[in-house]
Every structure is written in C-alpha cells, then in structure tokens.
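Undergrad: This is model-v1.tsv (TSV, N, CA and C atoms).
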chain	number	residue	atom	x	y	z
L	521	MET	N	82.30	88.73	160.93
L	521	MET	CA	83.73	88.95	160.91
L	521	MET	C	84.08	90.24	160.20
L	522	SER	N	83.32	90.56	159.14
L	522	SER	CA	83.61	91.79	158.40
L	522	SER	C	83.33	93.02	159.25
L	523	SER	N	82.36	92.92	160.17
L	523	SER	CA	82.08	94.07	161.03
L	523	SER	C	83.26	94.34	161.95
L	524	PHE	N	83.97	93.28	162.36
L	524	PHE	CA	85.15	93.46	163.21
L	524	PHE	C	86.26	94.17	162.44
L	525	LYS	N	86.42	93.82	161.16
L	525	LYS	CA	87.43	94.49	160.34
L	525	LYS	C	87.12	95.97	160.18
L	526	ASN	N	85.84	96.25	159.95
L	526	ASN	CA	85.44	97.65	159.80
L	526	ASN	C	85.68	98.43	161.08
L	527	ALA	N	85.42	97.80	162.21
L	527	ALA	CA	85.63	98.47	163.50
L	527	ALA	C	87.11	98.71	163.73
L	528	ALA	N	87.95	97.76	163.31
L	528	ALA	CA	89.38	97.90	163.48
L	528	ALA	C	89.92	99.02	162.59
L	529	GLN	N	89.37	99.14	161.40
L	529	GLN	CA	89.81	100.19	160.49
L	529	GLN	C	89.41	101.57	161.00
L	530	ALA	N	88.28	101.66	161.66
L	530	ALA	CA	87.80	102.94	162.14
L	530	ALA	C	88.70	103.49	163.24
L	531	GLN	N	89.36	102.61	164.00
L	531	GLN	CA	90.19	103.05	165.11
L	531	GLN	C	91.63	103.33	164.69
L	532	ARG	N	92.01	102.97	163.46
L	532	ARG	CA	93.37	103.23	163.00
L	532	ARG	C	93.61	104.71	162.82
L	533	ARG	N	94.85	105.12	163.07
L	533	ARG	CA	95.20	106.52	162.81
L	533	ARG	C	95.47	106.67	161.32
L	534	THR	N	95.04	107.81	160.76
L	534	THR	CA	95.30	108.05	159.35
L	534	THR	C	96.75	108.47	159.18
L	535	HIS	N	97.33	108.07	158.07
L	535	HIS	CA	98.72	108.41	157.80
L	535	HIS	C	98.80	109.86	157.36
L	536	ARG	N	99.68	110.63	158.00
L	536	ARG	CA	99.88	112.02	157.63
L	536	ARG	C	101.33	112.19	157.22
L	537	GLU	N	101.52	112.86	156.08
L	537	GLU	CA	102.89	113.09	155.62
L	537	GLU	C	103.47	114.27	156.36
L	538	ARG	N	104.78	114.22	156.57
L	538	ARG	CA	105.43	115.26	157.37
L	538	ARG	C	105.53	116.56	156.59
L	539	SER	N	105.69	117.65	157.31
L	539	SER	CA	105.85	118.95	156.67
L	539	SER	C	107.34	119.22	156.47
L	540	GLN	N	107.63	120.29	155.79
L	540	GLN	CA	109.03	120.66	155.54
L	540	GLN	C	109.68	121.10	156.85
L	541	PRO	N	110.84	120.54	157.19
L	541	PRO	CA	111.53	120.98	158.43
L	541	PRO	C	111.89	122.47	158.34
L	542	ALA	N	111.99	123.09	159.49
L	542	ALA	CA	112.20	124.55	159.55
L	542	ALA	C	113.51	124.97	158.89
L	543	HIS	N	114.57	124.18	159.07
L	543	HIS	CA	115.86	124.57	158.51
L	543	HIS	C	115.92	124.37	156.98
L	544	ARG	N	114.90	123.74	156.40
L	544	ARG	CA	114.86	123.54	154.95
L	544	ARG	C	113.76	124.37	154.28
L	545	LYS	N	113.15	125.30	155.02
L	545	LYS	CA	112.08	126.13	154.46
L	545	LYS	C	112.56	126.93	153.26
L	546	LYS	N	113.85	127.31	153.27
L	546	LYS	CA	114.38	128.11	152.16
L	546	LYS	C	114.37	127.36	150.83
L	547	LEU	N	114.25	126.04	150.89
L	547	LEU	CA	114.24	125.23	149.67
L	547	LEU	C	112.86	125.12	149.04
L	548	GLY	N	111.85	125.66	149.72
L	548	GLY	CA	110.50	125.63	149.16
L	548	GLY	C	109.66	124.53	149.76
L	549	LEU	N	108.53	124.25	149.13
L	549	LEU	CA	107.60	123.25	149.64
L	549	LEU	C	108.18	121.85	149.51
L	550	LEU	N	107.86	121.02	150.48
L	550	LEU	CA	108.26	119.62	150.44
L	550	LEU	C	107.27	118.88	149.54
L	551	GLU	N	107.78	118.19	148.55
L	551	GLU	CA	106.91	117.48	147.61
L	551	GLU	C	106.32	116.26	148.28
L	552	LYS	N	105.01	116.20	148.30
L	552	LYS	CA	104.30	115.06	148.87
L	552	LYS	C	104.17	113.96	147.81
L	553	HIS	N	103.77	112.79	148.23
L	553	HIS	CA	103.67	111.66	147.31
L	553	HIS	C	102.66	111.93	146.20
L	554	LYS	N	101.52	112.52	146.58
L	554	LYS	CA	100.50	112.77	145.56
L	554	LYS	C	101.00	113.79	144.52
L	555	ASP	N	101.82	114.75	144.97
L	555	ASP	CA	102.41	115.70	144.03
L	555	ASP	C	103.39	114.99	143.10
L	556	TYR	N	104.16	114.06	143.65
L	556	TYR	CA	105.12	113.30	142.83
L	556	TYR	C	104.39	112.47	141.79
L	557	VAL	N	103.28	111.86	142.20
L	557	VAL	CA	102.53	111.01	141.27
L	557	VAL	C	102.03	111.83	140.08
L	558	VAL	N	101.50	113.02	140.37
L	558	VAL	CA	101.01	113.88	139.29
L	558	VAL	C	102.15	114.29	138.36
L	559	ARG	N	103.29	114.67	138.96
L	559	ARG	CA	104.44	115.08	138.17
L	559	ARG	C	104.98	113.94	137.33
L	560	ALA	N	105.04	112.74	137.90
L	560	ALA	CA	105.56	111.57	137.19
L	560	ALA	C	104.64	111.18	136.03
L	561	LYS	N	103.32	111.22	136.26
L	561	LYS	CA	102.38	110.90	135.18
L	561	LYS	C	102.51	111.88	134.02
L	562	ASP	N	102.63	113.15	134.36
L	562	ASP	CA	102.77	114.18	133.32
L	562	ASP	C	104.07	113.97	132.54
L	563	PHE	N	105.15	113.68	133.25
L	563	PHE	CA	106.44	113.46	132.59
L	563	PHE	C	106.39	112.26	131.66
L	564	ASN	N	105.81	111.16	132.14
L	564	ASN	CA	105.74	109.95	131.32
L	564	ASN	C	104.81	110.13	130.12
L	565	LYS	N	103.75	110.92	130.29
L	565	LYS	CA	102.85	111.21	129.16
L	565	LYS	C	103.61	111.97	128.08
L	566	LYS	N	104.39	112.98	128.49
L	566	LYS	CA	105.17	113.74	127.53
L	566	LYS	C	106.24	112.88	126.87
L	567	LYS	N	106.82	111.97	127.64
L	567	LYS	CA	107.84	111.08	127.09
L	567	LYS	C	107.24	110.16	126.03
L	568	ARG	N	106.01	109.66	126.28
L	568	ARG	CA	105.33	108.81	125.30
L	568	ARG	C	105.03	109.59	124.02
L	569	ILE	N	104.59	110.84	124.17
L	569	ILE	CA	104.27	111.65	122.99
L	569	ILE	C	105.52	111.90	122.16
L	570	VAL	N	106.64	112.22	122.83
L	570	VAL	CA	107.88	112.45	122.11
L	570	VAL	C	108.33	111.18	121.39
L	571	LYS	N	108.14	110.05	122.03
L	571	LYS	CA	108.52	108.78	121.41
L	571	LYS	C	107.67	108.50	120.18
L	572	GLN	N	106.37	108.77	120.27
L	572	GLN	CA	105.48	108.58	119.11
L	572	GLN	C	105.88	109.50	117.96
L	573	LEU	N	106.16	110.76	118.28
L	573	LEU	CA	106.56	111.70	117.24
L	573	LEU	C	107.89	111.30	116.61
L	574	ARG	N	108.80	110.76	117.42
L	574	ARG	CA	110.08	110.32	116.89
L	574	ARG	C	109.90	109.14	115.93
L	575	THR	N	109.00	108.20	116.28
L	575	THR	CA	108.77	107.06	115.38
L	575	THR	C	108.11	107.52	114.08
L	576	ILE	N	107.21	108.51	114.17
L	576	ILE	CA	106.59	109.04	112.96
L	576	ILE	C	107.65	109.68	112.07
L	577	ALA	N	108.56	110.44	112.69
L	577	ALA	CA	109.62	111.09	111.91
L	577	ALA	C	110.56	110.05	111.31
L	578	ASP	N	110.83	108.96	112.03
L	578	ASP	CA	111.72	107.92	111.51
L	578	ASP	C	111.08	107.18	110.34
L	579	ASP	N	109.75	107.02	110.39
L	579	ASP	CA	109.06	106.29	109.33
L	579	ASP	C	108.79	107.15	108.09
L	580	LYS	N	109.04	108.44	108.17
L	580	LYS	CA	108.75	109.34	107.07
L	580	LYS	C	109.68	109.08	105.89
L	581	ASN	N	109.11	109.10	104.71
L	581	ASN	CA	109.88	108.88	103.49
L	581	ASN	C	110.58	110.18	103.11
L	582	PRO	N	111.91	110.20	103.01
L	582	PRO	CA	112.60	111.45	102.68
L	582	PRO	C	112.35	111.91	101.25
L	583	ASP	N	111.91	111.00	100.38
L	583	ASP	CA	111.64	111.36	98.98
L	583	ASP	C	110.21	111.86	98.77
L	584	GLU	N	109.43	111.90	99.85
L	584	GLU	CA	108.04	112.33	99.74
L	584	GLU	C	107.98	113.82	99.38
L	585	TYR	N	107.05	114.15	98.50
L	585	TYR	CA	106.98	115.53	98.02
L	585	TYR	C	105.52	115.92	97.79
L	586	TYR	N	105.18	117.10	98.26
L	586	TYR	CA	103.87	117.68	98.01
L	586	TYR	C	104.08	119.09	97.47
L	587	ARG	N	103.16	119.53	96.60
L	587	ARG	CA	103.29	120.87	96.03
L	587	ARG	C	103.18	121.95	97.10
L	588	GLY	N	102.48	121.65	98.19
L	588	GLY	CA	102.33	122.63	99.26
L	588	GLY	C	103.62	122.95	99.97
L	589	MET	N	104.63	122.12	99.79
L	589	MET	CA	105.91	122.34	100.46
L	589	MET	C	106.66	123.53	99.88
L	590	ILE	N	106.31	123.93	98.67
L	590	ILE	CA	107.04	125.01	98.02
L	590	ILE	C	106.82	126.33	98.76
L	591	LYS	N	105.57	126.61	99.10
L	591	LYS	CA	105.25	127.89	99.74
L	591	LYS	C	104.97	127.72	101.22
L	592	SER	N	105.72	126.88	101.90
L	592	SER	CA	105.53	126.72	103.34
L	592	SER	C	106.88	126.74	104.02
L	593	GLY	N	106.83	127.02	105.31
L	593	GLY	CA	108.07	127.06	106.08
L	593	GLY	C	107.76	127.25	107.55
L	594	ILE	N	108.79	127.40	108.34
L	594	ILE	CA	108.63	127.57	109.78
L	594	ILE	C	108.82	129.04	110.12
L	595	VAL	N	107.80	129.62	110.73
L	595	VAL	CA	107.83	131.03	111.13
L	595	VAL	C	107.57	131.07	112.63
L	596	ASP	N	108.50	131.64	113.37
L	596	ASP	CA	108.40	131.73	114.83
L	596	ASP	C	108.21	130.36	115.47
L	597	GLY	N	108.85	129.34	114.93
L	597	GLY	CA	108.80	128.01	115.50
L	597	GLY	C	107.55	127.22	115.16
L	598	LYS	N	106.67	127.77	114.32
L	598	LYS	CA	105.46	127.07	113.93
L	598	LYS	C	105.40	126.95	112.41
L	599	HIS	N	104.85	125.85	111.94
L	599	HIS	CA	104.76	125.61	110.51
L	599	HIS	C	103.65	126.46	109.93
L	600	ARG	N	103.98	127.25	108.92
L	600	ARG	CA	103.02	128.15	108.29
L	600	ARG	C	103.07	127.97	106.78
L	601	THR	N	101.92	128.18	106.14
L	601	THR	CA	101.84	128.17	104.69
L	601	THR	C	101.72	129.62	104.23
L	602	VAL	N	102.60	130.00	103.32
L	602	VAL	CA	102.60	131.37	102.81
L	602	VAL	C	101.58	131.45	101.69
L	603	ARG	N	100.65	132.37	101.83
L	603	ARG	CA	99.61	132.54	100.82
L	603	ARG	C	99.67	133.95	100.29
L	604	ASP	N	99.61	134.07	98.97
L	604	ASP	CA	99.59	135.38	98.34
L	604	ASP	C	98.26	135.54	97.62
L	605	ASN	N	97.28	136.07	98.33
L	605	ASN	CA	95.93	136.20	97.76
L	605	ASN	C	95.66	137.59	97.20
L	606	SER	N	96.65	138.45	97.18
L	606	SER	CA	96.42	139.81	96.72
L	606	SER	C	96.39	139.85	95.19
L	607	LEU	N	95.38	140.53	94.68
L	607	LEU	CA	95.24	140.72	93.23
L	607	LEU	C	95.38	142.21	92.93
L	608	SER	N	95.89	142.51	91.76
L	608	SER	CA	96.04	143.92	91.38
L	608	SER	C	94.67	144.51	91.06
L	609	ALA	N	94.62	145.82	91.00
L	609	ALA	CA	93.35	146.52	90.74
L	609	ALA	C	92.82	146.17	89.35
L	610	GLU	N	93.75	146.06	88.37
L	610	GLU	CA	93.32	145.72	87.01
L	610	GLU	C	92.72	144.32	86.96
L	611	ALA	N	93.35	143.39	87.68
L	611	ALA	CA	92.85	142.01	87.67
L	611	ALA	C	91.46	141.94	88.31
L	612	LEU	N	91.26	142.68	89.40
L	612	LEU	CA	89.94	142.69	90.04
L	612	LEU	C	88.89	143.28	89.10
L	613	LYS	N	89.24	144.36	88.43
L	613	LYS	CA	88.31	145.00	87.50
L	613	LYS	C	87.94	144.05	86.37
L	614	LEU	N	88.93	143.33	85.84
L	614	LEU	CA	88.70	142.36	84.77
L	614	LEU	C	87.77	141.24	85.24
L	615	LEU	N	88.02	140.74	86.45
L	615	LEU	CA	87.18	139.66	86.98
L	615	LEU	C	85.74	140.13	87.14
L	616	LYS	N	85.55	141.34	87.63
L	616	LYS	CA	84.18	141.85	87.83
L	616	LYS	C	83.46	142.02	86.50
L	617	THR	N	84.15	142.53	85.49
L	617	THR	CA	83.50	142.70	84.18
L	617	THR	C	83.18	141.34	83.56
L	618	GLN	N	84.07	140.38	83.75
L	618	GLN	CA	83.80	139.04	83.22
L	618	GLN	C	82.58	138.43	83.91
L	619	ASP	N	82.45	138.66	85.22
L	619	ASP	CA	81.29	138.14	85.94
L	619	ASP	C	80.00	138.79	85.42
L	620	ALA	N	80.05	140.10	85.21
L	620	ALA	CA	78.86	140.81	84.71
L	620	ALA	C	78.50	140.32	83.31
L	621	ASN	N	79.49	140.14	82.46
L	621	ASN	CA	79.23	139.64	81.09
L	621	ASN	C	78.64	138.24	81.13
L	622	TYR	N	79.16	137.40	82.01
L	622	TYR	CA	78.65	136.03	82.14
L	622	TYR	C	77.17	136.06	82.54
L	623	LEU	N	76.83	136.90	83.49
L	623	LEU	CA	75.44	136.99	83.93
L	623	LEU	C	74.53	137.49	82.81
L	624	GLN	N	75.00	138.45	82.01
L	624	GLN	CA	74.20	138.95	80.90
L	624	GLN	C	73.95	137.86	79.85
L	625	VAL	N	74.99	137.06	79.58
L	625	VAL	CA	74.85	135.97	78.60
L	625	VAL	C	73.84	134.96	79.10
L	626	LYS	N	73.92	134.60	80.38
L	626	LYS	CA	72.97	133.63	80.95
L	626	LYS	C	71.55	134.19	80.95
L	627	LEU	N	71.41	135.47	81.23
L	627	LEU	CA	70.09	136.10	81.23
L	627	LEU	C	69.48	136.05	79.83
L	628	GLN	N	70.27	136.36	78.81
L	628	GLN	CA	69.78	136.29	77.43
L	628	GLN	C	69.36	134.87	77.06
L	629	ALA	N	70.16	133.88	77.50
L	629	ALA	CA	69.82	132.48	77.19
L	629	ALA	C	68.51	132.09	77.85
L	630	GLU	N	68.29	132.51	79.09
L	630	GLU	CA	67.03	132.19	79.78
L	630	GLU	C	65.85	132.88	79.11
L	631	LYS	N	66.04	134.13	78.68
L	631	LYS	CA	64.96	134.86	77.99
L	631	LYS	C	64.59	134.16	76.69
L	632	GLN	N	65.58	133.64	75.96
L	632	GLN	CA	65.30	132.92	74.72
L	632	GLN	C	64.54	131.63	75.00
L	633	LYS	N	64.92	130.93	76.09
L	633	LYS	CA	64.20	129.70	76.44
L	633	LYS	C	62.74	130.01	76.76
L	634	ILE	N	62.55	131.10	77.50
L	634	ILE	CA	61.17	131.48	77.87
L	634	ILE	C	60.38	131.84	76.62
L	635	ALA	N	61.00	132.54	75.69
L	635	ALA	CA	60.32	132.96	74.48
L	635	ALA	C	59.93	131.77	73.60
L	636	LYS	N	60.72	130.71	73.65
L	636	LYS	CA	60.45	129.54	72.82
L	636	LYS	C	59.35	128.64	73.37
L	637	THR	N	59.01	128.78	74.65
L	637	THR	CA	57.98	127.93	75.21
L	637	THR	C	56.62	128.31	74.64
L	638	PRO	N	55.75	127.34	74.38
L	638	PRO	CA	54.47	127.65	73.73
L	638	PRO	C	53.52	128.47	74.59
L	639	GLU	N	53.62	128.41	75.91
L	639	GLU	CA	52.65	129.14	76.75
L	639	GLU	C	52.88	130.65	76.66
L	640	CYS	N	54.11	131.07	76.49
L	640	CYS	CA	54.43	132.49	76.50
L	640	CYS	C	54.34	133.09	75.09
L	641	ALA	N	54.13	132.28	74.09
L	641	ALA	CA	54.13	132.77	72.72
L	641	ALA	C	52.82	133.51	72.38
L	642	THR	N	51.87	133.58	73.26
L	642	THR	CA	50.58	134.20	72.97
L	642	THR	C	50.61	135.68	72.80
Turn the structure described in the file into structure tokens.
TA:
Amino acid sequence: MSSFKNAAQAQRRTHRERSQPAHRKKLGLLEKHKDYVVRAKDFNKKKRIVKQLRTIADDKNPDEYYRGMIKSGIVDGKHRTVRDNSLSAEALKLLKTQDANYLQVKLQAEKQKIAKTPECAT
C-alpha cells in the first residue's frame, strides 16, 4: 500500500508560487512565503531580545552603585569607560628610579645570603 502512495506522490504537480504581476513590477519583488517566514522569525527573535532587556532593566535596583560608574558614560551611543593612564615625565622618572633601587636592594640581600652559606665561605 505504501508503494501506491509513493507512486501517487510522484505524479503530483509541485506547488509553484506566482510571480509579481506586470502592472505591480514597480513595487518591487513579490514576497514569497519562505521570505516571509525568514522575516517573521527574525522579527520575533528581535522582539524576544528587547523583551528580555526590558525585564532586566525593570529588575535593576536604582540604588545600585559601583565605583566604575564615576568615570564611565555613553559615547557615540555606546557605553565607554574613561581611562586616564597618562603619567607625567617626572612621575615616570621617579617610578624607574624606584624600580632600579628596589632591584639593587634585592641584589644586595641575595649576595648576603650567598655569603652566609657555608659552601661559599671557603
């Protein structure tokens, strides 16, 4: 019996969607069902995302505070954190000399440790 169904399906004409009538060509392409399905899925996906974002915004505590909020804001429609990493020339020079002094102190401490060990005392 299933072979009869398959034979009947093979002889059916496939459904073809109509094209845009000539007098409506100025309106552009005629949207086919598969195009509508893609458009509708995309629209509903965006609607779900907006709904999720709205619920997150509704659940947000207005009294919530983070220190990062002080130096942040919206620039060109996007959230940005303002960072000021520039140091003056004097500050850089001071940091470099402090690093060099720290290394010299550590080097002296290691030399003293080596000198105190019995194997090197010979």
Undergrad: Work out how far CA of Arg600 in chain L is from atom C of Arg587 in chain L, in Å to one decimal.
TA: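 That distance, rounded to one decimal, is 12.8 Å.
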Undergrad: Which residues in chain L does DSSP call strand (DSSP E)? List them as a PyMOL selection string.
TA: chain L and resi 592-595+598-601
Undergrad: Quick check, in Å to one decimal: how far apart do CA of Lys552 in chain L and CA of Glu537 in chain L lie?
TA: 7.2 Å
Undergrad: Report the distance between atom C of Tyr585 in chain L and atom N of His599 in chain L in Å, rounded to one decimal place.
TA: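 Interatomic distance, atom C of Tyr585 in chain L to atom N of His599 in chain L: 17.3 Å.
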Undergrad: Restricting the calculation to only N, CA and C atoms: of L:Ser539, L:Gln632, L:Asn564, L:Ser523, which residue gets closest to Glu551 in chain L?
TA: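 When distances to Glu551 in chain L are compared using only N, CA and C atoms, the smallest one comes from L:Ser539.
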